[in-house]
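Novice: Submitted below is the structure of interest, expressed as structure tokens.
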Amino acid sequence: MNISITINGKLVTHDIEPRISLSHFLREHLDLTGTHIGCDTSGCGACTVTLDGQAVKSCTVLAVQADGSEVTTIEGMAQGDQMHPIQEAFREHHGLQCGFCTPGMVMTAADILKNNPNPTEEEIRHGLEGNFCRCTGYHNIVKSIQHAAEQMKA
Amino acid sequence: MIPAKFDYIKASSLGEALTLLQEHGDEAKILSGGHSLIPSMKLRLATPSVLIDIGGISEMNTITEEGDEIVIGANCTHHQIATSDLVREHVNILSQAALCIGDIQVRNRGTLGGSLAHADPASDYPATVLACEATIVAEGKDGKRTIGANDFFQALFLTALQDDEIITAIRFPKVSQGTYQKFFQSASRFAVVGVAAIKKGDGVQIGVTGVSGVPFRATAVENAYDGTSSAAKHAMDGVDDIISDHFADEEYRSHLARVYVKRALEAL
Ligand SMILES: Cc1cc2nc3c(=O)[nH]c(=O)nc-3n(C[C@H](O)[C@H](O)[C@H](O)COP(=O)(O)OP(=O)(O)OC[C@H]3O[C@@H](n4cnc5c(N)ncnc54)[C@H](O)[C@@H]3O)c2cc1C
Ligand code: FES
Ligand code: FES
């Protein structure tokens with residue numbers, strides 16, 4: 001089936017089997033391997049991208065469902081050499097260790113801050129309910145998002 | 001994990017979706033948010049040969065006020081419901097329930113219609129649908145009909161919907177006071193026990209999900225209600241088919257049901 005999706009600002013047209021998930025499509029067909037697949041069963045959030053501005057688990061969205069939509073992956077967050085404030089905050093505040101969960105964390109953080117530019121620590125923790133990290137214990141991830149919120153307001 | 005092969009058709013209107021559903025019969029399945037269907041297709045628990053995607057049908061994506069009711073299109077996502085001013089003001093209990101479903105990503109995709117049609121015994125909405133006496137509006141080859149909450153849920157994953165029917169909307173009477181209390185499964189965040197309670201005159205109406213194969217009205221509690229929470233001890237009177245799994249066995253689940261009914265009555 002022929003689909004057209006605007007991915008990180010660029011219109012991409014592709015012929016794809018309907019049973020291929022968006023995560024698989026991004027990684028295997030477009031080489032956008034920043035979107036990670038942890039569980040492939042909608043549990044871990046590593047595959048989170050934004051679809052028309054909303055965070056979604058791309059392992060549980062068919063690529064064909066995204067036809068006509070706008071998708072942003074972790075590769076689309078930086079502006080040239082300039083990292084997105086959320087990425088910058090993760091770097092600055094040690095929001096990652098192995099980095100496997102990080103793309104999903106950053107994309108979910110973008111959704112949290114879009115709907116709530118001034119989240120409390122508790123609200124950030126609730127917002128991350130669908131994202132697992134096996135390394136950091138979450139503490140620095142939460143801190144990074146708090147700092148990103150401040151930067152993005154400034 | 002890749003599902004078995006299927007054909008995919010995006011319906012642009014309800015009429016088109018209904019025609020497609022009739023044409024393809026039980027080979028086909030409706031796809032809405034996909035957050036129950038896609039995982040089960042990946043596990044090949046479901047192997048439809050045609051998916052009819054109703055997600056893009058905008059006429060099923062609105063929340064409106066009609067007299068004493070709030071009418072919610074079946075395609076409305078949990079996020080839309082949790083953040084809708086109309087729902088917050090007039091059926092606040094429903095926005096409470098929507099907000100404790102899964103996580104941000106799940107709430108951005110999953111829909112009210114999909115959740116009700118799926119009828120997972122651990123899903124959240126049924127408790128509120130029962131307590132509020134909401135009605136489910138469905139359309140099929142014989143036209144449109146409404147199904148009362150009490151008649152809708154029939155068995156584990158089984159509802160009163162016919163194969164050729166699509167839920168188009170759910171009508172909620174306005175509720176002045178209501179509360180949804182949930183004991184979460186710690187990993188998946190589904191409901192081990194979910195209790196919805198609303199005030200109705202001097203009485204209460206209570207719906208319970210997660211506890212039994214079919215969500216139910218706690219009528220014994222409603223009948224014994226005396227303005228305090230003491231009636232909560234009747235929460236499990238007459239309830240059979242109690243779920244027992246690795247989250248909670250029968251005894252513990254029954255205990256939780258009584259505790260959460262008590263909490264709901266105290267919170268009202
Ligand atoms: C990680 C995760 C956590 C979750 N946590 C919770 C939770 O805590 N509480 C909870 O209640 N749910 C939870 N869910 C389930 C989620 O709410 C689903 O989105 C919902 O149950 C199904 O809605 P959907 O729109 O995704 O339906 P789909 O998956 O698209 O469809 C589900 C079924 O309903 C049918 N269907 C869909 N729409 C209609 C319609 N309008 N008319 C007739 N039939 C239709 C489909 O054919 C299919 O059989 C969770 C899901 C995931 C993946
Ligand atoms: S890979 Fe999608 S949620 Fe884990
Ligand atoms: S940094 Fe390793 S999983 Fe989160």
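Scheme for the structure tokens: letters A, B, ... for chains in order shown; per-chain residue numbers from 1; ligand numbers from 1 in order shown.
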Could you list, as an mmCIF file with N, CA and C atoms, in the first residue's frame, every residue of chain B that has an atom within 6 Å of an atom of chain A, counting only C-alpha atoms?
Specialist:
```
data_model
loop_
_atom_site.group_PDB
_atom_site.id
_atom_site.type_symbol
_atom_site.label_atom_id
_atom_site.label_comp_id
_atom_site.auth_asym_id
_atom_site.auth_seq_id
_atom_site.Cartn_x
_atom_site.Cartn_y
_atom_site.Cartn_z
ATOM 1 N N PRO B 3 2.164 -9.078 12.670
ATOM 2 C CA PRO B 3 0.872 -9.768 12.546
ATOM 3 C C PRO B 3 0.798 -10.581 11.248
ATOM 4 N N ASP B 103 -1.103 4.983 30.115
ATOM 5 C CA ASP B 103 -0.141 6.068 30.232
ATOM 6 C C ASP B 103 -0.428 7.078 29.123
ATOM 7 N N GLN B 105 0.897 7.764 26.271
ATOM 8 C CA GLN B 105 0.894 7.266 24.896
ATOM 9 C C GLN B 105 -0.361 6.441 24.609
#
```
Novice: I need the residues of segment 19-254 of chain B that end up classed as strand (DSSP E or B) by DSSP on the backbone, written out as a VMD selection string.
Specialist: chain B and resid 28 to 31 50 to 53 63 to 66 69 to 73 77 111 135 to 140 143 to 148 153 to 155 158 to 159 166 to 173 178 to 184 191 to 200 203 to 209 212 216 to 217 242
Novice: Show which residues sit within 9 Å of Thr120 of chain A, as a PyMOL selection string. Count only C-alpha atoms, and ignore same-chain residues fewer than 4 positions away.
Specialist: chain A and resi 124-125+146
Novice: Just all heavy atoms for this one: save the residues we selected as a PDB file, in the first residue's frame.
Specialist:
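The resulting file, again_29.pdb, is reproduced below:
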```pdb
ATOM      1  N   ILE A 124       5.495  15.019  36.349  1.00  0.00           N
ATOM      2  CA  ILE A 124       6.472  14.435  35.421  1.00  0.00           C
ATOM      3  C   ILE A 124       6.544  12.930  35.635  1.00  0.00           C
ATOM      4  O   ILE A 124       6.510  12.142  34.688  1.00  0.00           O
ATOM      5  CB  ILE A 124       7.866  15.077  35.606  1.00  0.00           C
ATOM      6  CG1 ILE A 124       7.817  16.556  35.217  1.00  0.00           C
ATOM      7  CG2 ILE A 124       8.922  14.327  34.794  1.00  0.00           C
ATOM      8  CD1 ILE A 124       9.083  17.338  35.523  1.00  0.00           C
ATOM      9  N   ARG A 125       6.587  12.508  36.895  1.00  0.00           N
ATOM     10  CA  ARG A 125       6.666  11.068  37.178  1.00  0.00           C
ATOM     11  C   ARG A 125       5.444  10.338  36.623  1.00  0.00           C
ATOM     12  O   ARG A 125       5.570   9.261  36.026  1.00  0.00           O
ATOM     13  CB  ARG A 125       6.839  10.819  38.683  1.00  0.00           C
ATOM     14  CG  ARG A 125       8.240  11.207  39.172  1.00  0.00           C
ATOM     15  CD  ARG A 125       8.490  10.844  40.619  1.00  0.00           C
ATOM     16  NE  ARG A 125       9.798  11.331  41.043  1.00  0.00           N
ATOM     17  CZ  ARG A 125      10.948  10.651  40.873  1.00  0.00           C
ATOM     18  NH1 ARG A 125      10.936   9.450  40.330  1.00  0.00           N
ATOM     19  NH2 ARG A 125      12.094  11.176  41.247  1.00  0.00           N
ATOM     20  N   GLN A 146      12.579  18.658  34.358  1.00  0.00           N
ATOM     21  CA  GLN A 146      12.320  19.900  35.107  1.00  0.00           C
ATOM     22  C   GLN A 146      13.187  21.040  34.567  1.00  0.00           C
ATOM     23  O   GLN A 146      12.714  22.159  34.372  1.00  0.00           O
ATOM     24  CB  GLN A 146      12.625  19.694  36.600  1.00  0.00           C
ATOM     25  CG  GLN A 146      11.543  18.906  37.323  1.00  0.00           C
ATOM     26  CD  GLN A 146      11.928  18.576  38.754  1.00  0.00           C
ATOM     27  OE1 GLN A 146      13.056  18.130  39.006  1.00  0.00           O
ATOM     28  NE2 GLN A 146      11.013  18.787  39.675  1.00  0.00           N
TER      29      GLN A 146
END
```
Novice: When distances are computed from only C-alpha atoms and all ligand atoms, which of A:Thr35, A:Gln79, A:Asn116, A:Gln97 shows the smallest separation from ligand 2?
Specialist: A:Thr35
Novice: Using only C-alpha atoms, which residues sit within 8 Å of segment 68-80 of chain B once same-chain residues fewer than 5 positions away are excluded, as a short mmCIF file (atom, residue, chain, number, x, y, z; two decimals) with all heavy atoms, in the first residue's frame?
Specialist:
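Produced file out.cif, reproduced below:
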```
data_model
loop_
_atom_site.label_atom_id
_atom_site.label_comp_id
_atom_site.auth_asym_id
_atom_site.auth_seq_id
_atom_site.Cartn_x
_atom_site.Cartn_y
_atom_site.Cartn_z
N SER B 32 -9.80 0.88 15.54
CA SER B 32 -10.00 2.25 16.01
C SER B 32 -8.65 2.75 16.51
O SER B 32 -7.78 3.08 15.71
CB SER B 32 -11.11 2.20 17.06
OG SER B 32 -11.22 3.37 17.72
N GLY B 33 -8.39 2.78 17.81
CA GLY B 33 -7.08 3.21 18.29
C GLY B 33 -6.02 2.13 18.13
O GLY B 33 -4.82 2.41 18.13
N ILE B 54 -11.52 2.91 11.24
CA ILE B 54 -12.53 3.97 11.40
C ILE B 54 -11.94 5.20 12.09
O ILE B 54 -12.63 6.18 12.33
CB ILE B 54 -13.76 3.47 12.20
CG1 ILE B 54 -13.35 3.01 13.61
CG2 ILE B 54 -14.48 2.36 11.45
CD1 ILE B 54 -14.53 2.77 14.55
N GLY B 55 -10.63 5.11 12.38
CA GLY B 55 -9.97 6.17 13.16
C GLY B 55 -10.07 7.56 12.54
O GLY B 55 -10.03 8.56 13.25
N ILE B 57 -12.64 8.83 10.90
CA ILE B 57 -14.01 9.31 10.67
C ILE B 57 -14.32 10.43 11.65
O ILE B 57 -14.56 10.18 12.83
CB ILE B 57 -15.03 8.15 10.80
CG1 ILE B 57 -14.67 7.03 9.81
CG2 ILE B 57 -16.45 8.65 10.56
CD1 ILE B 57 -15.55 5.80 9.93
N GLU B 59 -16.84 12.41 12.07
CA GLU B 59 -18.17 12.53 12.68
C GLU B 59 -18.27 11.72 13.98
O GLU B 59 -19.20 11.91 14.76
CB GLU B 59 -19.26 12.09 11.67
CG GLU B 59 -19.11 10.65 11.23
CD GLU B 59 -19.96 10.25 10.01
OE1 GLU B 59 -21.17 10.13 10.15
OE2 GLU B 59 -19.37 10.05 8.93
N MET B 60 -17.31 10.82 14.22
CA MET B 60 -17.33 10.01 15.45
C MET B 60 -16.32 10.50 16.47
O MET B 60 -15.96 9.78 17.39
CB MET B 60 -17.05 8.55 15.10
CG MET B 60 -18.19 7.87 14.38
SD MET B 60 -17.70 6.30 13.66
CE MET B 60 -17.25 5.36 15.11
N ASN B 61 -15.89 11.74 16.28
CA ASN B 61 -14.78 12.24 17.09
C ASN B 61 -15.14 13.49 17.87
O ASN B 61 -14.27 14.30 18.19
CB ASN B 61 -13.61 12.52 16.12
CG ASN B 61 -12.32 12.74 16.84
OD1 ASN B 61 -12.16 12.30 17.97
ND2 ASN B 61 -11.41 13.45 16.19
N THR B 62 -16.43 13.67 18.19
CA THR B 62 -16.84 14.91 18.83
C THR B 62 -17.45 14.65 20.21
O THR B 62 -17.96 13.56 20.48
CB THR B 62 -17.90 15.64 17.98
OG1 THR B 62 -18.98 14.73 17.74
CG2 THR B 62 -17.32 16.09 16.65
N ILE B 63 -17.38 15.67 21.04
CA ILE B 63 -18.01 15.62 22.36
C ILE B 63 -19.00 16.78 22.42
O ILE B 63 -18.60 17.93 22.25
CB ILE B 63 -16.96 15.75 23.49
CG1 ILE B 63 -15.96 14.59 23.41
CG2 ILE B 63 -17.65 15.79 24.86
CD1 ILE B 63 -14.85 14.64 24.44
N LEU B 86 -16.22 19.93 28.71
CA LEU B 86 -17.61 19.47 28.86
C LEU B 86 -17.68 18.22 29.75
O LEU B 86 -18.55 18.12 30.62
CB LEU B 86 -18.20 19.10 27.48
CG LEU B 86 -18.91 20.19 26.68
CD1 LEU B 86 -19.43 19.59 25.38
CD2 LEU B 86 -20.04 20.83 27.48
N VAL B 87 -16.77 17.31 29.52
CA VAL B 87 -16.78 16.07 30.32
C VAL B 87 -16.40 16.39 31.76
O VAL B 87 -17.04 15.92 32.70
CB VAL B 87 -15.82 15.01 29.73
CG1 VAL B 87 -15.79 13.76 30.60
CG2 VAL B 87 -16.25 14.65 28.31
N HIS B 90 -19.50 18.09 33.40
CA HIS B 90 -20.80 17.41 33.53
C HIS B 90 -20.72 15.92 33.84
O HIS B 90 -21.69 15.34 34.33
CB HIS B 90 -21.62 17.62 32.26
CG HIS B 90 -21.93 19.06 31.98
ND1 HIS B 90 -22.75 19.80 32.81
CD2 HIS B 90 -21.53 19.90 31.01
CE1 HIS B 90 -22.86 21.04 32.33
NE2 HIS B 90 -22.11 21.13 31.24
N VAL B 91 -19.60 15.27 33.48
CA VAL B 91 -19.45 13.84 33.81
C VAL B 91 -18.03 13.65 34.32
O VAL B 91 -17.25 12.85 33.80
CB VAL B 91 -19.68 12.91 32.59
CG1 VAL B 91 -20.09 11.50 33.08
CG2 VAL B 91 -20.71 13.43 31.63
N ALA B 98 -10.86 8.13 32.59
CA ALA B 98 -10.02 8.20 31.39
C ALA B 98 -8.57 8.48 31.76
O ALA B 98 -7.64 7.93 31.18
CB ALA B 98 -10.56 9.27 30.44
N LEU B 99 -8.40 9.35 32.75
CA LEU B 99 -7.06 9.77 33.13
C LEU B 99 -6.25 8.65 33.78
O LEU B 99 -5.02 8.71 33.79
CB LEU B 99 -7.15 10.98 34.07
CG LEU B 99 -5.86 11.75 34.30
CD1 LEU B 99 -5.30 12.28 32.98
CD2 LEU B 99 -6.10 12.91 35.26
N ILE B 101 -6.24 5.53 32.74
CA ILE B 101 -5.98 4.44 31.78
C ILE B 101 -4.52 4.49 31.33
O ILE B 101 -4.04 5.54 30.88
CB ILE B 101 -6.90 4.56 30.56
CG1 ILE B 101 -8.36 4.31 30.98
CG2 ILE B 101 -6.48 3.58 29.47
CD1 ILE B 101 -9.36 4.49 29.87
N ILE B 104 0.37 8.15 29.05
CA ILE B 104 0.12 9.21 28.06
C ILE B 104 -0.04 8.64 26.65
O ILE B 104 -0.97 8.96 25.92
CB ILE B 104 1.29 10.23 28.05
CG1 ILE B 104 1.26 11.08 29.31
CG2 ILE B 104 1.25 11.11 26.80
CD1 ILE B 104 2.36 12.14 29.36
N ARG B 107 -3.22 6.74 26.17
CA ARG B 107 -4.39 7.65 26.17
C ARG B 107 -4.46 8.48 24.89
O ARG B 107 -5.53 8.93 24.51
CB ARG B 107 -4.35 8.56 27.40
CG ARG B 107 -4.54 7.81 28.71
CD ARG B 107 -4.83 8.75 29.86
NE ARG B 107 -3.72 9.61 30.22
CZ ARG B 107 -2.73 9.28 31.04
NH1 ARG B 107 -2.71 8.08 31.61
NH2 ARG B 107 -1.76 10.14 31.32
N ASN B 108 -3.33 8.69 24.24
CA ASN B 108 -3.34 9.44 22.99
C ASN B 108 -3.90 8.63 21.82
O ASN B 108 -4.26 9.19 20.79
CB ASN B 108 -1.91 9.88 22.61
CG ASN B 108 -1.46 11.10 23.40
OD1 ASN B 108 -2.29 11.82 23.96
ND2 ASN B 108 -0.16 11.34 23.47
N ARG B 109 -3.96 7.31 21.96
CA ARG B 109 -4.43 6.47 20.85
C ARG B 109 -5.73 5.74 21.14
O ARG B 109 -6.60 5.64 20.28
CB ARG B 109 -3.36 5.40 20.50
CG ARG B 109 -2.10 5.93 19.89
CD ARG B 109 -2.29 6.62 18.57
NE ARG B 109 -2.62 5.72 17.45
CZ ARG B 109 -3.02 6.15 16.26
NH1 ARG B 109 -3.14 7.45 16.01
NH2 ARG B 109 -3.32 5.29 15.31
N GLY B 110 -5.86 5.18 22.34
CA GLY B 110 -7.01 4.33 22.66
C GLY B 110 -8.30 5.14 22.70
O GLY B 110 -8.30 6.31 23.06
N THR B 111 -9.41 4.51 22.32
CA THR B 111 -10.69 5.21 22.24
C THR B 111 -11.74 4.59 23.16
O THR B 111 -11.66 3.41 23.53
CB THR B 111 -11.24 5.18 20.80
OG1 THR B 111 -11.60 3.82 20.48
CG2 THR B 111 -10.21 5.70 19.79
N LEU B 112 -12.75 5.40 23.46
CA LEU B 112 -13.86 4.93 24.30
C LEU B 112 -14.62 3.81 23.60
O LEU B 112 -14.90 2.77 24.20
CB LEU B 112 -14.80 6.12 24.60
CG LEU B 112 -16.09 5.81 25.36
CD1 LEU B 112 -15.81 5.16 26.70
CD2 LEU B 112 -16.90 7.09 25.56
N GLY B 113 -14.93 3.99 22.32
CA GLY B 113 -15.68 2.97 21.59
C GLY B 113 -14.90 1.67 21.52
O GLY B 113 -15.46 0.58 21.73
N GLY B 114 -13.60 1.76 21.25
CA GLY B 114 -12.77 0.56 21.15
C GLY B 114 -12.69 -0.17 22.47
O GLY B 114 -12.77 -1.40 22.54
N ILE B 167 -20.07 0.81 17.13
CA ILE B 167 -20.47 1.79 18.14
C ILE B 167 -20.17 3.17 17.56
O ILE B 167 -19.05 3.41 17.09
CB ILE B 167 -19.68 1.63 19.45
CG1 ILE B 167 -19.86 0.23 20.04
CG2 ILE B 167 -20.09 2.69 20.47
CD1 ILE B 167 -19.05 -0.01 21.30
N THR B 168 -21.15 4.05 17.56
CA THR B 168 -20.89 5.38 17.03
C THR B 168 -20.71 6.41 18.13
O THR B 168 -19.97 7.37 17.98
CB THR B 168 -22.04 5.84 16.11
OG1 THR B 168 -23.26 5.82 16.87
CG2 THR B 168 -22.18 4.91 14.91
N ALA B 169 -21.43 6.22 19.24
CA ALA B 169 -21.34 7.21 20.33
C ALA B 169 -21.79 6.58 21.63
O ALA B 169 -22.41 5.50 21.64
CB ALA B 169 -22.21 8.42 20.01
N ILE B 170 -21.48 7.26 22.72
CA ILE B 170 -21.94 6.83 24.03
C ILE B 170 -22.57 8.06 24.68
O ILE B 170 -21.96 9.14 24.69
CB ILE B 170 -20.79 6.26 24.90
CG1 ILE B 170 -20.17 5.02 24.22
CG2 ILE B 170 -21.30 5.85 26.27
CD1 ILE B 170 -19.10 5.27 23.24
N ARG B 171 -23.80 7.89 25.20
CA ARG B 171 -24.53 9.02 25.78
C ARG B 171 -24.51 8.91 27.30
O ARG B 171 -24.98 7.93 27.87
CB ARG B 171 -25.98 9.02 25.28
CG ARG B 171 -26.11 8.97 23.75
CD ARG B 171 -27.56 9.00 23.31
NE ARG B 171 -28.14 10.31 23.52
CZ ARG B 171 -28.19 11.26 22.59
NH1 ARG B 171 -27.72 11.02 21.38
NH2 ARG B 171 -28.72 12.43 22.85
N PHE B 172 -23.93 9.91 27.94
CA PHE B 172 -23.84 9.93 29.41
C PHE B 172 -24.79 10.97 29.97
O PHE B 172 -24.68 12.15 29.62
CB PHE B 172 -22.42 10.29 29.87
CG PHE B 172 -21.43 9.16 29.73
CD1 PHE B 172 -20.79 8.94 28.52
CD2 PHE B 172 -21.17 8.32 30.79
CE1 PHE B 172 -19.88 7.90 28.39
CE2 PHE B 172 -20.26 7.28 30.67
CZ PHE B 172 -19.61 7.06 29.46
N PRO B 173 -25.70 10.56 30.88
CA PRO B 173 -26.50 11.56 31.59
C PRO B 173 -25.55 12.41 32.44
O PRO B 173 -24.54 11.91 32.92
CB PRO B 173 -27.41 10.74 32.50
CG PRO B 173 -27.23 9.32 32.12
CD PRO B 173 -25.96 9.19 31.35
N LYS B 174 -25.86 13.68 32.60
CA LYS B 174 -25.01 14.52 33.44
C LYS B 174 -25.05 14.01 34.88
O LYS B 174 -26.07 13.52 35.35
CB LYS B 174 -25.50 15.97 33.38
CG LYS B 174 -25.25 16.60 32.02
CD LYS B 174 -25.74 18.03 31.99
CE LYS B 174 -25.54 18.61 30.60
NZ LYS B 174 -26.15 19.94 30.46
#
```
Novice: Restricting the calculation to only C-alpha atoms and all ligand atoms, which member of A:Phe132, A:Asn140, A:Leu30, A:Leu11 is positioned closest to ligand 1?
Specialist: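 Under the stated criterion, the closest residue is A:Phe132.
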Novice: Taking only C-alpha atoms and all ligand atoms into account, which residues are within 7 Å of ligand 3, as a PDB file with N, CA, C and O atoms, in the first residue's frame?
Specialist:
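Final output, saved to out-v3.pdb:
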```pdb
ATOM      1  N   LEU A  96      20.675  10.137  31.293  1.00  0.00           N
ATOM      2  CA  LEU A  96      20.800   8.824  30.656  1.00  0.00           C
ATOM      3  C   LEU A  96      22.061   8.126  31.119  1.00  0.00           C
ATOM      4  O   LEU A  96      23.031   8.781  31.524  1.00  0.00           O
ATOM      5  N   GLN A  97      21.996   6.786  31.041  1.00  0.00           N
ATOM      6  CA  GLN A  97      23.208   6.004  31.255  1.00  0.00           C
ATOM      7  C   GLN A  97      23.489   5.220  29.980  1.00  0.00           C
ATOM      8  O   GLN A  97      24.257   5.669  29.147  1.00  0.00           O
ATOM      9  N   CYS A  98      22.811   4.090  29.771  1.00  0.00           N
ATOM     10  CA  CYS A  98      23.079   3.356  28.519  1.00  0.00           C
ATOM     11  C   CYS A  98      22.454   4.062  27.323  1.00  0.00           C
ATOM     12  O   CYS A  98      22.896   3.894  26.202  1.00  0.00           O
ATOM     13  N   GLY A  99      21.389   4.823  27.552  1.00  0.00           N
ATOM     14  CA  GLY A  99      20.778   5.590  26.481  1.00  0.00           C
ATOM     15  C   GLY A  99      19.696   4.873  25.696  1.00  0.00           C
ATOM     16  O   GLY A  99      19.103   5.449  24.784  1.00  0.00           O
ATOM     17  N   PHE A 100      19.427   3.616  26.077  1.00  0.00           N
ATOM     18  CA  PHE A 100      18.444   2.871  25.276  1.00  0.00           C
ATOM     19  C   PHE A 100      17.047   3.484  25.370  1.00  0.00           C
ATOM     20  O   PHE A 100      16.331   3.608  24.376  1.00  0.00           O
ATOM     21  N   CYS A 101      16.662   3.916  26.559  1.00  0.00           N
ATOM     22  CA  CYS A 101      15.301   4.433  26.754  1.00  0.00           C
ATOM     23  C   CYS A 101      15.180   5.895  26.344  1.00  0.00           C
ATOM     24  O   CYS A 101      14.080   6.442  26.276  1.00  0.00           O
ATOM     25  N   THR A 102      16.345   6.537  26.128  1.00  0.00           N
ATOM     26  CA  THR A 102      16.370   8.004  26.040  1.00  0.00           C
ATOM     27  C   THR A 102      15.521   8.596  24.908  1.00  0.00           C
ATOM     28  O   THR A 102      14.796   9.569  25.147  1.00  0.00           O
ATOM     29  N   PHE A 132       9.951   2.903  30.414  1.00  0.00           N
ATOM     30  CA  PHE A 132      10.805   2.201  31.379  1.00  0.00           C
ATOM     31  C   PHE A 132      12.265   2.563  31.159  1.00  0.00           C
ATOM     32  O   PHE A 132      12.721   2.682  30.023  1.00  0.00           O
ATOM     33  N   CYS A 133      12.977   2.715  32.258  1.00  0.00           N
ATOM     34  CA  CYS A 133      14.427   2.862  32.208  1.00  0.00           C
ATOM     35  C   CYS A 133      15.026   1.823  33.142  1.00  0.00           C
ATOM     36  O   CYS A 133      14.617   1.724  34.291  1.00  0.00           O
ATOM     37  N   ARG A 134      15.972   1.038  32.624  1.00  0.00           N
ATOM     38  CA  ARG A 134      16.568  -0.007  33.462  1.00  0.00           C
ATOM     39  C   ARG A 134      17.841   0.480  34.140  1.00  0.00           C
ATOM     40  O   ARG A 134      18.474  -0.263  34.863  1.00  0.00           O
ATOM     41  N   CYS A 135      18.275   1.725  33.872  1.00  0.00           N
ATOM     42  CA  CYS A 135      19.569   2.166  34.389  1.00  0.00           C
ATOM     43  C   CYS A 135      19.467   3.249  35.461  1.00  0.00           C
ATOM     44  O   CYS A 135      20.029   3.118  36.533  1.00  0.00           O
ATOM     45  N   THR A 136      18.773   4.309  35.162  1.00  0.00           N
ATOM     46  CA  THR A 136      18.975   5.538  35.947  1.00  0.00           C
ATOM     47  C   THR A 136      18.215   5.597  37.264  1.00  0.00           C
ATOM     48  O   THR A 136      18.530   6.425  38.105  1.00  0.00           O
TER      49      THR A 136
END
```
Novice: Identify, with DSSP run on backbone atoms, the residues in chain A assigned to alpha helix (DSSP H), and express the list as a ChimeraX atom specification.
Specialist: /A:22-24,85-92,102-115,121-127,139-153
Novice: I'd like the interatomic distance between atom CA of Ile52 of chain B and atom CA of Thr83 of chain B, to a tenth of an Å.
Specialist: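 If I compute the distance from atom CA of Ile52 of chain B to atom CA of Thr83 of chain B, I get 27.7 Å.
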Novice: How many Å separate atom CA of Ile147 of chain B from atom CA of Cys100 of chain B?
Specialist: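 Straight-line distance from atom CA of Ile147 of chain B to atom CA of Cys100 of chain B works out to 25.5 Å.
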Novice: What is the distance between atom 23 (O, counted along the ligand's line) of ligand 1 and atom CA of Ala109 of chain A, in Å to one decimal?
Specialist: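 Between these atoms lies a distance of 23.6 Å.
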Novice: Measuring between only C-alpha atoms and all ligand atoms, which one of A:Gln87, A:Ser4, A:Gln151, A:Ser23 shows the shortest distance to ligand 2?
Specialist: A:Ser23
Novice: Using only C-alpha atoms and all ligand atoms, find each residue of chain B with at least one atom at most 12 Å away from an atom of ligand 2; report its shortest atom-to-atom pair and that distance in Å (one decimal), sort the rows by chain and rising residue number, and return the result as a tab-separated table.
Specialist:
```
residue	atom	partner	partner_atom_place_in_ligand_line	distance
B:Met1	CA	ligand 2	1 (S)	10.4
B:His35	CA	ligand 2	3 (S)	11.1
B:Ile38	CA	ligand 2	2 (Fe)	11.7
B:Pro39	CA	ligand 2	2 (Fe)	10.3
B:Gly102	CA	ligand 2	3 (S)	11.8
B:Asp103	CA	ligand 2	3 (S)	11.0
B:Ile104	CA	ligand 2	3 (S)	11.9
B:Gln105	CA	ligand 2	3 (S)	9.1
B:Val106	CA	ligand 2	3 (S)	9.8
B:Ser188	CA	ligand 2	3 (S)	11.5
```
Novice: Would you put the residues from that selection into a file with N, CA and C atoms, as a PDB file, in the first residue's frame?
Specialist:
```
ATOM      1  N   MET B   1       7.749  -8.796  16.275  1.00  0.00           N
ATOM      2  CA  MET B   1       6.497  -9.506  16.118  1.00  0.00           C
ATOM      3  C   MET B   1       5.643  -8.830  15.057  1.00  0.00           C
ATOM      4  N   HIS B  35      -5.114  -0.110  20.195  1.00  0.00           N
ATOM      5  CA  HIS B  35      -4.303  -0.437  21.363  1.00  0.00           C
ATOM      6  C   HIS B  35      -4.753  -1.677  22.120  1.00  0.00           C
ATOM      7  N   ILE B  38      -4.099  -4.317  17.873  1.00  0.00           N
ATOM      8  CA  ILE B  38      -2.765  -4.537  17.286  1.00  0.00           C
ATOM      9  C   ILE B  38      -1.915  -5.467  18.168  1.00  0.00           C
ATOM     10  N   PRO B  39      -1.872  -5.242  19.498  1.00  0.00           N
ATOM     11  CA  PRO B  39      -1.121  -6.205  20.315  1.00  0.00           C
ATOM     12  C   PRO B  39      -1.639  -7.638  20.152  1.00  0.00           C
ATOM     13  N   GLY B 102      -3.839   3.358  31.453  1.00  0.00           N
ATOM     14  CA  GLY B 102      -2.499   3.185  30.882  1.00  0.00           C
ATOM     15  C   GLY B 102      -1.559   4.337  31.174  1.00  0.00           C
ATOM     16  N   ASP B 103      -1.103   4.983  30.115  1.00  0.00           N
ATOM     17  CA  ASP B 103      -0.141   6.068  30.232  1.00  0.00           C
ATOM     18  C   ASP B 103      -0.428   7.078  29.123  1.00  0.00           C
ATOM     19  N   ILE B 104       0.369   8.151  29.051  1.00  0.00           N
ATOM     20  CA  ILE B 104       0.123   9.207  28.061  1.00  0.00           C
ATOM     21  C   ILE B 104      -0.037   8.635  26.648  1.00  0.00           C
ATOM     22  N   GLN B 105       0.897   7.764  26.271  1.00  0.00           N
ATOM     23  CA  GLN B 105       0.894   7.266  24.896  1.00  0.00           C
ATOM     24  C   GLN B 105      -0.361   6.441  24.609  1.00  0.00           C
ATOM     25  N   VAL B 106      -0.754   5.623  25.575  1.00  0.00           N
ATOM     26  CA  VAL B 106      -1.967   4.811  25.396  1.00  0.00           C
ATOM     27  C   VAL B 106      -3.191   5.724  25.313  1.00  0.00           C
ATOM     28  N   SER B 188       0.981  -3.312  34.141  1.00  0.00           N
ATOM     29  CA  SER B 188       0.234  -2.869  32.964  1.00  0.00           C
ATOM     30  C   SER B 188      -0.635  -1.649  33.251  1.00  0.00           C
TER      31      SER B 188
END
```
